[in-house]
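Visitor: Quick one: this structure, given as structure tokens, is what I'll be asking you about.
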Amino acid sequence: MILNISWDLLGIIWLAVRVILIILAISSVLILVRTFTLTRRRKPLAPVEGLPVDAAAIGEHLAAAIRCKTVPLDEQGTPDPAAFKQLHELLEKLYPRVHAALKLEKVNGYSLLYTWQGTRPELQPVQMMAHQDVVAAGPETLSEWKYPPFEGRIVDGILWGRGSLDIKNQVIGVLEAAEGLLAQGFRPERTILFAFGHDEETGGANGARNVAKLLRERGIRLAGVVDEGGGVVAGIIPRIKGDVALIGTGEKGYLTLEFTVQCAPGHSSAPPRQTAIGILARAMVRLEEKPFPPEIKSARPLYWALGTAVPFTAQLAWANPWLFGRRLERVFGNSDETKAYFRTTTAVTVFHAGDEDNTLPAEAKALVNFRLLPGMTIAGACERVRRVIDDERVQFKPVEGKANEVVGPSPVECPAYEGLSRAVQQIYGPIPEAPFVMLGGTDCGHYRDLSDYIYRFTPLVMDPSFSGLEHGIGERIPVASMAKTVQFYAHLMQVWGTESMT
Ligand SMILES: [Zn+2]
């Protein structure tokens, strides 16, 4: 009897082991199949020779553009007429072919819209963007600049100055490329627009927004848009060593909510249990303690596109979110370096209340800035905030002009992206590229309803010695790098300028 039971038990255990082994085998096969099919493996493209360019001359042109001090006169971004006049005259002088062959419109006085009419007007145009304005170099920082920010000095192959990285290099790069192509007799099939706004640094409300409005009135749809954004970087993406081209496919949404708590004013000698300050402070603490949950969905295309450039274990994890999703969310959503890319973020930035030590404040106010991840809407964020705070005494509403939904992300399986990717690969070499969602906004957000194909890429190898200096002290760029910037745009104009865009 005992023997029989033991045998039965052994049989059952053996059966269970077999079932488990079969499940494990099937899962392993599934994991591997997904890993090999989802991570992108591309054939390297042959490099192109590129437009012949004189980097030193281009450096001088950029230096001259930096000397035009296109700093906004106030926080609303009011342009300085003299500085823009100087810049516009300079561009006309430097690029005579462009100004002869392309139509130039000044929108709202300062933004520039160039139209390079294609031979096939029935095709939707493409657009290359940048902005002419630069941020100020605060007087208190001037002594820290090795060379003054608006003199455009070139020393040992480095051009110093405000706007050298953000983003007059791109204005000059585009025009230089068009001038070179015109000299070769090139004309695109597809119309190419250049749109250079004049108040991007203050939100583009007077510049890019009006250019977009003009295109909308003309019934134009854009087959592809490229504006400033990621570049060619090394060492930024965890566990990837070599160069990677970061291509922004979307922008996080922007939402500032104003919170208000109103209470009866009075004397502090007979206070209620909570004052307006206490009630609002508690709400803020709740928001900080219950952050939006991490999400890996919008970062998935990045890792899939990186393909074999990431270690095999990472490929395995990103290709199988059904198994490893939670772990990825924990790792990336909690790391200080990456969490902004994996969460809708919450930042309590302003808090105002109270004047006197012995008076109960009638009102407490706070501003909280949220950056929305794709998939999150303004309405959705407000709903969650209401649930988390769970206190009817706390009223809130979006601040006017400070609530923008997520832009994109634009697709990576389409002719516009393929063409962009081709230009990157053929000018910068066979490097992996990584589509990603940008944390901040750029002018191209104003074009969201004019195109489904909006990308953000600055053709520049971001060397750690100078990258990150945009808006900072000592902004500078190696003059030699401008050669590839120009060649990239020239190549992209040739690729996007065709019917297929690839
Ligand atoms: Zn910029």
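Just remember, in the structure tokens the first chain shown is A, the second B, etc., residues are 1-based per chain, and ligands are 1-based in the order shown.
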Write out as a VMD selection string the set of residues from range 334-428 of chain A that DSSP, computed on the backbone, places in strand (DSSP E).
Guide: chain A and resid 345 to 353 359 to 360 363 to 372 395 to 404
Visitor: For Leu175 in chain A, find every residue with an atom within 10 Å (counting only C-alpha atoms), except residues of its own chain fewer than 3 positions away, and show them as a ChimeraX atom specification.
Guide: /A:91,94-95,97-99,114,170-172,178-181,194,486,489-490
Visitor: Give me a file of those residues, with N, CA and C atoms, as an mmCIF file, in the first residue's frame.
Guide:
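Wrote again.cif, looks like this:
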```
data_model
loop_
_atom_site.group_PDB
_atom_site.id
_atom_site.type_symbol
_atom_site.label_atom_id
_atom_site.label_comp_id
_atom_site.auth_asym_id
_atom_site.auth_seq_id
_atom_site.Cartn_x
_atom_site.Cartn_y
_atom_site.Cartn_z
ATOM 1 N N LEU A 91 22.197 87.398 -43.909
ATOM 2 C CA LEU A 91 21.806 86.169 -44.617
ATOM 3 C C LEU A 91 21.659 86.445 -46.116
ATOM 4 N N LEU A 94 25.169 86.638 -47.521
ATOM 5 C CA LEU A 94 25.926 85.374 -47.530
ATOM 6 C C LEU A 94 25.361 84.361 -48.527
ATOM 7 N N TYR A 95 24.045 84.421 -48.747
ATOM 8 C CA TYR A 95 23.407 83.369 -49.562
ATOM 9 C C TYR A 95 22.649 83.955 -50.749
ATOM 10 N N ARG A 97 22.353 82.998 -53.881
ATOM 11 C CA ARG A 97 21.589 82.061 -54.725
ATOM 12 C C ARG A 97 20.260 81.731 -54.063
ATOM 13 N N VAL A 98 20.309 81.489 -52.749
ATOM 14 C CA VAL A 98 19.078 81.175 -52.010
ATOM 15 C C VAL A 98 18.091 82.327 -52.159
ATOM 16 N N HIS A 99 18.605 83.556 -52.019
ATOM 17 C CA HIS A 99 17.699 84.704 -52.054
ATOM 18 C C HIS A 99 17.227 85.044 -53.460
ATOM 19 N N TYR A 114 11.094 80.499 -46.086
ATOM 20 C CA TYR A 114 11.622 80.367 -47.443
ATOM 21 C C TYR A 114 10.870 79.237 -48.137
ATOM 22 N N GLN A 170 22.175 75.759 -36.898
ATOM 23 C CA GLN A 170 21.196 75.062 -37.736
ATOM 24 C C GLN A 170 20.656 76.004 -38.829
ATOM 25 N N VAL A 171 20.449 77.282 -38.498
ATOM 26 C CA VAL A 171 20.006 78.259 -39.504
ATOM 27 C C VAL A 171 21.062 78.323 -40.613
ATOM 28 N N ILE A 172 22.316 78.490 -40.188
ATOM 29 C CA ILE A 172 23.418 78.598 -41.154
ATOM 30 C C ILE A 172 23.571 77.272 -41.913
ATOM 31 N N ALA A 178 21.568 74.721 -48.918
ATOM 32 C CA ALA A 178 20.762 75.110 -50.078
ATOM 33 C C ALA A 178 21.604 75.900 -51.073
ATOM 34 N N GLU A 179 22.461 76.796 -50.550
ATOM 35 C CA GLU A 179 23.335 77.592 -51.426
ATOM 36 C C GLU A 179 24.248 76.654 -52.244
ATOM 37 N N GLY A 180 24.804 75.655 -51.551
ATOM 38 C CA GLY A 180 25.696 74.705 -52.220
ATOM 39 C C GLY A 180 24.968 73.885 -53.278
ATOM 40 N N LEU A 181 23.756 73.433 -52.948
ATOM 41 C CA LEU A 181 22.990 72.619 -53.905
ATOM 42 C C LEU A 181 22.572 73.466 -55.110
ATOM 43 N N PHE A 194 11.849 76.359 -45.562
ATOM 44 C CA PHE A 194 12.686 76.610 -44.390
ATOM 45 C C PHE A 194 11.905 77.587 -43.518
ATOM 46 N N VAL A 486 26.243 70.814 -42.578
ATOM 47 C CA VAL A 486 25.814 71.271 -43.906
ATOM 48 C C VAL A 486 25.586 70.077 -44.831
ATOM 49 N N TYR A 489 22.239 68.379 -44.078
ATOM 50 C CA TYR A 489 21.058 69.063 -44.627
ATOM 51 C C TYR A 489 20.993 68.919 -46.150
ATOM 52 N N ALA A 490 22.155 69.040 -46.803
ATOM 53 C CA ALA A 490 22.157 68.921 -48.269
ATOM 54 C C ALA A 490 21.654 67.532 -48.675
#
```
Visitor: Residues of chain A within 9 Å of ligand 1: nearest atom pair and distance (Å, one decimal) for each, counting only C-alpha atoms and all ligand atoms, sorted by chain and number, as CSV?
Guide:
```
residue,atom,partner,partner_atom_place_in_ligand_line,distance
A:Ala130,CA,ligand 1,1 (Zn),7.3
A:His131,CA,ligand 1,1 (Zn),6.5
A:Gln132,CA,ligand 1,1 (Zn),8.7
A:Asp133,CA,ligand 1,1 (Zn),8.2
A:Val134,CA,ligand 1,1 (Zn),7.5
A:Val135,CA,ligand 1,1 (Zn),8.9
A:Gly163,CA,ligand 1,1 (Zn),8.3
A:Leu165,CA,ligand 1,1 (Zn),8.1
A:Asp166,CA,ligand 1,1 (Zn),4.6
A:Ile167,CA,ligand 1,1 (Zn),5.2
A:Lys168,CA,ligand 1,1 (Zn),8.6
A:Glu200,CA,ligand 1,1 (Zn),6.7
A:Glu201,CA,ligand 1,1 (Zn),6.5
A:Glu228,CA,ligand 1,1 (Zn),6.5
A:Gly229,CA,ligand 1,1 (Zn),8.1
A:Thr442,CA,ligand 1,1 (Zn),6.9
A:Asp443,CA,ligand 1,1 (Zn),8.4
A:Glu470,CA,ligand 1,1 (Zn),8.1
A:His471,CA,ligand 1,1 (Zn),8.9
```
Visitor: Between CA of Leu10 in chain A and CA of Val29 in chain A, what distance in Å does the model show, to one decimal?
Guide: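 It comes out at 28.4 Å.
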Visitor: Need the shell around Val388 in chain A: protein/DNA/RNA residues with any atom at most 9 Å away, counting only C-alpha atoms. Skip same-chain ones fewer than 4 positions apart. Format as number ranges by chain?
Guide: A: 283, 286-287, 290, 383-384
Visitor: List the spatial neighbours of range 150-158 of chain A as number ranges by chain - criterion: any atom at most 10 Å away, only C-alpha atoms, same-chain residues fewer than 5 positions off excluded.
Guide: A: 56, 59-70, 136-137, 163-164, 476-481
Visitor: Just the selected residues (N, CA and C atoms), exported as a compact mmCIF listing (two decimals), in the first residue's frame, please.
Guide:
```
# COMPACT_ATOMS: atom_id res chain seq x y z
N ALA A 56 35.94 76.23 -42.76
CA ALA A 56 36.44 77.49 -42.19
C ALA A 56 35.55 78.66 -42.61
N GLY A 59 32.35 78.54 -40.74
CA GLY A 59 32.59 79.01 -39.39
C GLY A 59 32.54 80.53 -39.32
N GLU A 60 33.13 81.20 -40.32
CA GLU A 60 33.10 82.67 -40.36
C GLU A 60 31.66 83.16 -40.52
N HIS A 61 30.89 82.46 -41.35
CA HIS A 61 29.49 82.86 -41.55
C HIS A 61 28.70 82.75 -40.23
N LEU A 62 28.93 81.63 -39.55
CA LEU A 62 28.23 81.43 -38.28
C LEU A 62 28.68 82.49 -37.25
N ALA A 63 29.97 82.80 -37.27
CA ALA A 63 30.49 83.82 -36.35
C ALA A 63 29.79 85.16 -36.60
N ALA A 64 29.60 85.49 -37.88
CA ALA A 64 28.95 86.77 -38.22
C ALA A 64 27.49 86.75 -37.73
N ALA A 65 26.83 85.58 -37.83
CA ALA A 65 25.44 85.48 -37.36
C ALA A 65 25.37 85.65 -35.84
N ILE A 66 26.39 85.15 -35.14
CA ILE A 66 26.41 85.26 -33.68
C ILE A 66 26.55 86.72 -33.24
N ARG A 67 27.22 87.52 -34.09
CA ARG A 67 27.40 88.95 -33.76
C ARG A 67 26.07 89.73 -33.84
N CYS A 68 25.07 89.15 -34.47
CA CYS A 68 23.74 89.79 -34.48
C CYS A 68 23.06 89.37 -33.18
N LYS A 69 22.88 90.33 -32.28
CA LYS A 69 22.47 89.98 -30.91
C LYS A 69 20.94 89.84 -30.84
N THR A 70 20.45 88.72 -31.35
CA THR A 70 18.99 88.53 -31.43
C THR A 70 18.40 88.00 -30.12
N ALA A 136 19.62 85.31 -23.53
CA ALA A 136 20.60 86.32 -23.11
C ALA A 136 21.80 85.65 -22.46
N ALA A 137 22.88 86.40 -22.40
CA ALA A 137 24.02 85.99 -21.57
C ALA A 137 24.03 86.98 -20.42
N GLY A 163 24.35 81.11 -29.18
CA GLY A 163 23.66 80.71 -30.41
C GLY A 163 24.49 79.76 -31.26
N SER A 164 25.75 79.53 -30.86
CA SER A 164 26.59 78.62 -31.67
C SER A 164 26.04 77.20 -31.62
N ARG A 476 29.84 77.11 -27.15
CA ARG A 476 30.82 77.09 -28.23
C ARG A 476 30.67 75.84 -29.08
N ILE A 477 31.26 75.88 -30.27
CA ILE A 477 31.13 74.76 -31.19
C ILE A 477 32.43 74.60 -31.97
N PRO A 478 32.87 73.36 -32.22
CA PRO A 478 34.05 73.19 -33.08
C PRO A 478 33.66 73.52 -34.52
N VAL A 479 34.43 74.42 -35.14
CA VAL A 479 34.10 74.86 -36.50
C VAL A 479 34.04 73.67 -37.46
N ALA A 480 34.95 72.72 -37.28
CA ALA A 480 35.01 71.58 -38.21
C ALA A 480 33.69 70.81 -38.24
N SER A 481 32.95 70.82 -37.11
CA SER A 481 31.71 70.04 -37.07
C SER A 481 30.66 70.58 -38.04
```
Visitor: From the options A:Gly50, A:Pro361, A:Gly375, A:Pro293, which residue's atoms come nearest to Pro271 in chain A, counting only C-alpha atoms?
Guide: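 Using only C-alpha atoms, Pro271 in chain A sits closest to A:Pro361.
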Visitor: Using only C-alpha atoms, which residue out of A:Phe259, A:Arg387, A:Asn108, A:Phe466 lies closest to Lys213 in chain A?
Guide: A:Asn108
Visitor: Excluding range 363-367 of chain A and any residue of its chain fewer than 6 positions from it, enumerate the residues within 6 Å of it, using only C-alpha atoms, and give them as a ChimeraX atom specification.
Guide: /A:257-262,276-277,349-353
Visitor: Which residue gives the smallest distance to Pro188 in chain A among A:Ala55, A:Ala340, A:Leu492, A:Ile31, with only C-alpha atoms counted?
Guide: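 For Pro188 in chain A, the nearest of the candidates is A:Leu492.
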Visitor: I'd like the contact shell of Glu189 in chain A - 10 Å cut-off, only C-alpha atoms, skipping same-chain residues fewer than 3 positions apart - returned as a ChimeraX atom specification.
Guide: /A:116-123,125,186,192,494,496-499
Visitor: Could you give me, as a ChimeraX atom specification, the residues within 12 Å of range 431-434 of chain A, counting only C-alpha atoms and dropping anything in the same chain fewer than 3 positions from it?
Guide: /A:39-45,47,230-234,236-237,240-249,298-310,412,417-418,420-428,437-438,455-457,461
Visitor: Could you tell me, as number ranges by chain, which residues of range 308-486 of chain A DSSP assigns to alpha helix (DSSP H) when given the backbone?
Guide: A: 312-319, 321-334, 339-342, 378-389, 415-428, 481-486
Visitor: For Arg187 in chain A, which residue out of A:Glu89, A:Asp8, A:Ile26, A:Leu102 is the nearest one, using only C-alpha atoms?
Guide: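 When distances to Arg187 in chain A are compared using only C-alpha atoms, the smallest one comes from A:Leu102.
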Visitor: Closest to Glu475 in chain A among A:Pro149, A:Ala100, A:Val48, A:Gln127, using only C-alpha atoms?
Guide: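 Using only C-alpha atoms, Glu475 in chain A sits closest to A:Pro149.
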Visitor: Give the answer as one residue: which of A:Pro398, A:Gly325, A:Pro265, A:Leu450 has the shortest atom-to-atom distance to Asp355 in chain A, using only C-alpha atoms?
Guide: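 Closest candidate: A:Pro265.
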Visitor: In Å, how far is it from CA of Arg221 in chain A to CA of His198 in chain A?
Guide: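 If I compute the distance from CA of Arg221 in chain A to CA of His198 in chain A, I get 22.2 Å.
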Visitor: By how many Å are CA of Lys402 in chain A and CA of Ala223 in chain A apart?
Guide: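 Between CA of Lys402 in chain A and CA of Ala223 in chain A the gap is 28.4 Å.
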